[in-house]
Every structure is written in C-alpha cells, then in structure tokens.
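The file upload_33.cif contains mmCIF, C-alpha atoms:
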data_query
loop_
_atom_site.label_atom_id
_atom_site.label_comp_id
_atom_site.auth_asym_id
_atom_site.auth_seq_id
_atom_site.Cartn_x
_atom_site.Cartn_y
_atom_site.Cartn_z
CA MET B 964 7.33 -2.79 -16.56
CA PRO B 965 4.16 -4.26 -15.05
CA THR B 966 1.66 -1.65 -13.87
CA ILE B 967 -1.43 -2.21 -11.77
CA GLN B 968 -4.02 0.56 -11.59
CA LEU B 969 -7.01 0.20 -9.27
CA GLU B 970 -9.86 2.53 -8.43
CA THR B 971 -11.91 2.22 -5.23
CA ILE B 972 -14.92 4.40 -4.49
CA ILE B 973 -15.36 5.14 -0.80
CA ASP B 974 -18.26 6.87 0.91
CA ALA B 975 -16.17 8.78 3.46
CA ASP B 976 -14.16 11.94 4.05
CA ILE B 977 -11.05 12.33 1.88
CA LYS B 978 -8.83 13.01 4.92
CA ILE B 979 -9.93 9.77 6.59
CA CYS B 980 -9.21 7.79 3.40
CA PHE B 981 -5.81 9.45 2.98
CA ASP B 982 -4.81 8.84 6.60
CA LEU B 983 -6.00 5.22 6.58
CA SER B 984 -3.91 4.61 3.47
CA ARG B 985 -0.76 5.84 5.19
CA SER B 986 -1.51 4.17 8.52
CA ILE B 987 1.08 1.59 9.52
CA ASP B 988 -1.46 0.07 11.93
CA LEU B 989 -4.15 -0.38 9.25
CA HIS B 990 -1.58 -1.79 6.82
CA GLN B 991 -0.76 -4.51 9.34
CA ILE B 992 -4.48 -5.28 9.78
CA SER B 993 -5.06 -5.42 6.02
CA THR B 994 -2.09 -7.74 5.41
CA ALA B 995 -2.78 -10.25 8.20
CA LYS B 996 -2.72 -13.14 5.67
CA THR B 997 0.97 -12.50 4.98
CA ASN B 998 1.72 -11.72 8.64
CA GLU B 999 3.15 -8.35 7.61
CA LYS B 1000 4.80 -6.43 10.45
CA ALA B 1001 6.60 -3.09 10.57
CA ILE B 1002 9.97 -3.88 12.16
CA ALA B 1003 12.05 -0.71 11.58
CA GLY B 1004 11.61 2.96 10.74
CA VAL B 1005 8.05 4.10 11.39
CA THR B 1006 6.40 1.09 13.06
CA ALA B 1007 3.08 2.64 14.18
CA GLY B 1008 0.87 5.63 13.41
CA LEU B 1009 1.00 7.62 10.18
CA ILE B 1010 3.86 7.70 7.72
CA ASN B 1011 4.92 11.07 6.24
CA LEU B 1012 7.29 12.52 3.66
CA ASN B 1013 10.81 11.04 3.82
CA ASP B 1014 9.77 8.47 6.43
CA THR B 1015 10.87 4.90 5.92
CA VAL B 1016 9.37 1.63 7.07
CA THR B 1017 10.80 -1.86 6.91
CA TRP B 1018 8.20 -4.58 6.54
CA GLU B 1019 8.67 -8.24 7.27
CA ALA B 1020 6.19 -10.64 5.70
CA VAL B 1021 5.78 -14.11 4.25
CA HIS B 1022 5.12 -14.18 0.50
CA PHE B 1023 5.25 -17.39 -1.55
CA GLY B 1024 6.26 -19.26 1.62
CA ILE B 1025 9.40 -17.15 2.08
CA LYS B 1026 9.98 -14.67 4.90
CA GLN B 1027 11.08 -11.40 3.32
CA GLN B 1028 11.95 -7.86 4.31
CA LEU B 1029 11.23 -4.75 2.27
CA THR B 1030 12.11 -1.14 3.09
CA SER B 1031 10.18 1.69 1.47
CA ILE B 1032 10.35 5.47 1.71
CA ILE B 1033 7.70 8.13 1.16
CA THR B 1034 9.15 10.24 -1.66
CA GLN B 1035 6.14 12.43 -2.56
CA PHE B 1036 3.45 13.76 -0.24
CA GLU B 1037 0.59 16.19 -0.81
CA ASN B 1038 -1.97 15.87 1.97
CA PRO B 1039 -4.78 14.73 1.33
CA ILE B 1040 -4.54 14.03 -2.42
CA HIS B 1041 -1.36 12.04 -3.13
CA PHE B 1042 1.61 10.20 -1.73
CA ARG B 1043 4.17 7.84 -3.21
CA ASP B 1044 6.14 5.08 -1.59
CA GLU B 1045 9.17 3.55 -3.27
CA GLN B 1046 11.22 0.50 -2.44
CA GLN B 1047 14.66 1.25 -1.06
CA LYS B 1048 15.62 -2.35 -0.38
CA GLY B 1049 13.82 -5.63 -0.95
CA ALA B 1050 12.82 -8.43 -3.30
CA PHE B 1051 11.77 -6.23 -6.22
CA LYS B 1052 14.31 -4.77 -8.62
CA TYR B 1053 12.27 -1.64 -7.95
CA PHE B 1054 8.74 -0.49 -7.32
CA PHE B 1055 6.81 2.67 -6.75
CA HIS B 1056 3.25 2.94 -5.51
CA ASP B 1057 1.26 6.12 -6.05
CA HIS B 1058 -1.84 6.69 -3.93
CA TYR B 1059 -4.26 9.31 -5.32
CA PHE B 1060 -7.43 10.66 -3.66
CA LYS B 1061 -10.14 12.81 -5.20
CA SER B 1062 -13.47 13.98 -3.77
CA GLN B 1063 -16.32 13.69 -6.25
CA ASN B 1064 -20.08 13.82 -5.63
CA GLY B 1065 -19.67 13.29 -1.88
CA LYS B 1066 -17.46 10.23 -2.30
CA VAL B 1067 -13.73 9.61 -2.54
CA ILE B 1068 -12.12 8.05 -5.57
CA MET B 1069 -9.00 6.31 -4.33
CA THR B 1070 -6.64 5.32 -7.14
CA ASP B 1071 -3.59 3.10 -6.76
CA ARG B 1072 -0.88 2.97 -9.40
CA PHE B 1073 1.72 0.31 -8.67
CA GLU B 1074 4.68 -0.14 -11.04
CA PHE B 1075 7.34 -2.76 -10.45
CA TYR B 1076 10.08 -4.93 -11.88
CA SER B 1077 11.43 -8.16 -10.54
CA PRO B 1078 15.14 -8.95 -10.70
CA TYR B 1079 16.64 -11.85 -12.68
CA GLY B 1080 16.18 -10.62 -16.23
CA ILE B 1081 13.94 -12.72 -18.47
CA ILE B 1082 13.06 -15.10 -15.63
CA GLY B 1083 11.90 -12.13 -13.55
CA LYS B 1084 9.86 -10.77 -16.46
CA LEU B 1085 8.21 -14.14 -16.92
CA PHE B 1086 7.49 -14.39 -13.18
CA ASP B 1087 5.97 -10.88 -13.27
CA LYS B 1088 3.70 -11.80 -16.17
CA LEU B 1089 2.63 -15.27 -15.07
CA ILE B 1090 2.38 -14.90 -11.29
CA LEU B 1091 3.38 -11.67 -9.59
CA THR B 1092 1.08 -9.17 -11.35
CA SER B 1093 -2.00 -11.18 -10.42
CA TYR B 1094 -0.72 -11.77 -6.89
CA MET B 1095 -0.02 -8.07 -6.31
CA LYS B 1096 -3.38 -7.04 -7.78
CA SER B 1097 -5.20 -9.37 -5.36
CA PHE B 1098 -3.03 -8.12 -2.48
CA LEU B 1099 -3.88 -4.48 -3.26
CA LEU B 1100 -7.59 -5.18 -3.83
CA GLU B 1101 -7.82 -6.85 -0.43
CA ARG B 1102 -6.00 -3.96 1.23
CA ASN B 1103 -8.30 -1.42 -0.47
CA GLN B 1104 -11.38 -3.30 0.75
CA VAL B 1105 -10.11 -3.01 4.32
CA ILE B 1106 -9.48 0.72 3.86
CA LYS B 1107 -13.02 1.09 2.46
CA GLU B 1108 -14.55 -0.92 5.32
CA PHE B 1109 -12.76 1.11 7.99
CA ALA B 1110 -13.47 4.46 6.29
CA GLU B 1111 -17.18 3.80 5.78
CA THR B 1112 -17.75 2.68 9.38
CA ASP B 1113 -16.59 3.88 12.78
CA LYS B 1114 -13.68 1.41 12.67
CA TRP B 1115 -11.38 4.19 11.41
CA LYS B 1116 -11.56 5.79 14.87
CA LYS B 1117 -9.79 2.80 16.43
CA VAL B 1118 -6.87 3.12 14.02
CA LEU B 1119 -6.51 6.86 13.60
CA ASN B 1120 -7.16 7.88 17.21
CA SER B 1121 -4.67 5.46 18.72
#
Kindly present the structure from the file in structure tokens form.
Amino acid sequence: MPTIQLETIIDADIKICFDLSRSIDLHQISTAKTNEKAIAGVTAGLINLNDTVTWEAVHFGIKQQLTSIITQFENPIHFRDEQQKGAFKYFFHDHYFKSQNGKVIMTDRFEFYSPYGIIGKLFDKLILTSYMKSFLLERNQVIKEFAETDKWKKVLNS
C-alpha cells in the first residue's frame, strides 16, 4: 500500500493549525486548482467526529466525487478521515499535531490503494503517489500561510 508521510512546521497556535486542517472552507481554497467543492454532508465550517463530506473535483481531467468520514478525533492533536465512497479502493488520512519549542509540527500520513489490481498498483507507483504528495504539500503550504498570518481569522471566524 502506498504511504505518504509529510511534516510541516508552522509558527502558530496548535488549535489554529488543527482547526484550519479540518476547515471545509480552507480545503476549498487550498484545492482551487482542482476546483474541489463540498457538495454534500458538511459543506462549510469545521468537520468533526462522524461527520461526512462529499467532494467533487477534477483530477486527471475527470470530474469525480469522493465521500469521506471522520473516524477518529482528538482535539487538537489528531483526526483521521477515511474514504467511504470514491475513486480509491480505500484511503485513510491521519492528521497529527504536536507543539514543540513554540511551533507546531503538523504530520500527515496518507495511505491508499487504487482499484484494478496490478494496473492500479502500477498507476499508484508511477503516477498517483507523486500526484497526491504534490497535492498534500500544496494544501499544507496554504494551511501554513493562513496559520502564520491573520488570514486564519477570515476562515475560522466565518
């Protein structure tokens, strides 16, 4: 199973980082390139334990929908979202937050499988792992930018 693990160091409060990471509104801002929109479930604000969201986006030139659910939640240090329905055979995405020396270490662990057996495994190895890593890095940079400036107030106070 492909696994992507990323660490982002953010000079901000852990609660702000945690809330930005579970903000539907910020997710839509950070995924503007794929025109990602929340179309069902929680479609604005903050997502919580057992909440679902259905996203519609264009990836690889194909409009897709993916529904995920928050299956683990420990504010402000961890939450997990898992695919319920979508293009992956399965995925789970753990978001971890730790305060250290006045900064926040935000760690993403994203594990996934594509369907279609050996073809899916080949696609994961040759294309999808790199694509998802870039997608998550870009999203994390937006979280960092908002958390380290006053931009977070526009998203979390709405």
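For the set B:Lys978, B:Gln1104, B:Lys996, B:Glu970, the residue with the smallest atom-to-atom gap to Glu1037 (chain B) is B:Lys978, counting all atoms listed in the file.
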Give as a PDB file with C-alpha atoms, in the coordinates of the input the residues that the PyMOL selection byres ((chain B and resi 1111) around 12) matches when applied to the coordinates above.
ATOM      1  CA  ILE B 972     -14.920   4.400  -4.490  1.00  0.00           C
ATOM      2  CA  ILE B 973     -15.360   5.140  -0.800  1.00  0.00           C
ATOM      3  CA  ASP B 974     -18.260   6.870   0.910  1.00  0.00           C
ATOM      4  CA  ALA B 975     -16.170   8.780   3.460  1.00  0.00           C
ATOM      5  CA  ASP B 976     -14.160  11.940   4.050  1.00  0.00           C
ATOM      6  CA  ILE B 977     -11.050  12.330   1.880  1.00  0.00           C
ATOM      7  CA  ILE B 979      -9.930   9.770   6.590  1.00  0.00           C
ATOM      8  CA  CYS B 980      -9.210   7.790   3.400  1.00  0.00           C
ATOM      9  CA  LEU B 983      -6.000   5.220   6.580  1.00  0.00           C
ATOM     10  CA  LYS B1066     -17.460  10.230  -2.300  1.00  0.00           C
ATOM     11  CA  VAL B1067     -13.730   9.610  -2.540  1.00  0.00           C
ATOM     12  CA  GLN B1104     -11.380  -3.300   0.750  1.00  0.00           C
ATOM     13  CA  VAL B1105     -10.110  -3.010   4.320  1.00  0.00           C
ATOM     14  CA  ILE B1106      -9.480   0.720   3.860  1.00  0.00           C
ATOM     15  CA  LYS B1107     -13.020   1.090   2.460  1.00  0.00           C
ATOM     16  CA  GLU B1108     -14.550  -0.920   5.320  1.00  0.00           C
ATOM     17  CA  PHE B1109     -12.760   1.110   7.990  1.00  0.00           C
ATOM     18  CA  ALA B1110     -13.470   4.460   6.290  1.00  0.00           C
ATOM     19  CA  THR B1112     -17.750   2.680   9.380  1.00  0.00           C
ATOM     20  CA  ASP B1113     -16.590   3.880  12.780  1.00  0.00           C
ATOM     21  CA  LYS B1114     -13.680   1.410  12.670  1.00  0.00           C
ATOM     22  CA  TRP B1115     -11.380   4.190  11.410  1.00  0.00           C
ATOM     23  CA  LYS B1116     -11.560   5.790  14.870  1.00  0.00           C
TER      24      LYS B1116
END
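The closest residue to Asp1044 (chain B), picked from B:Lys1096, B:Asn1013, B:Gln1027, B:Trp1018 and counting all atoms listed in the file, is B:Asn1013.
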**Asked** Could you pull the residues within 7 Å of Tyr1076 (chain B), counting only C-alpha atoms, minus those fewer than 4 positions along the same chain, as a PyMOL selection string?
**Response** chain B and resi 964-965+1051-1054
Enumerate, as a VMD selection string, the residues matched when the PyMOL selection byres ((chain B and resi 1070) around 9) is run on the file above.
chain B and resid 968 to 972 1057 to 1061 1068 to 1069 1071 to 1072
Any idea what the distance is between CA of Ser993 (chain B) and CA of Lys1026 (chain B)?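 These atoms are spaced 17.7 Å apart.
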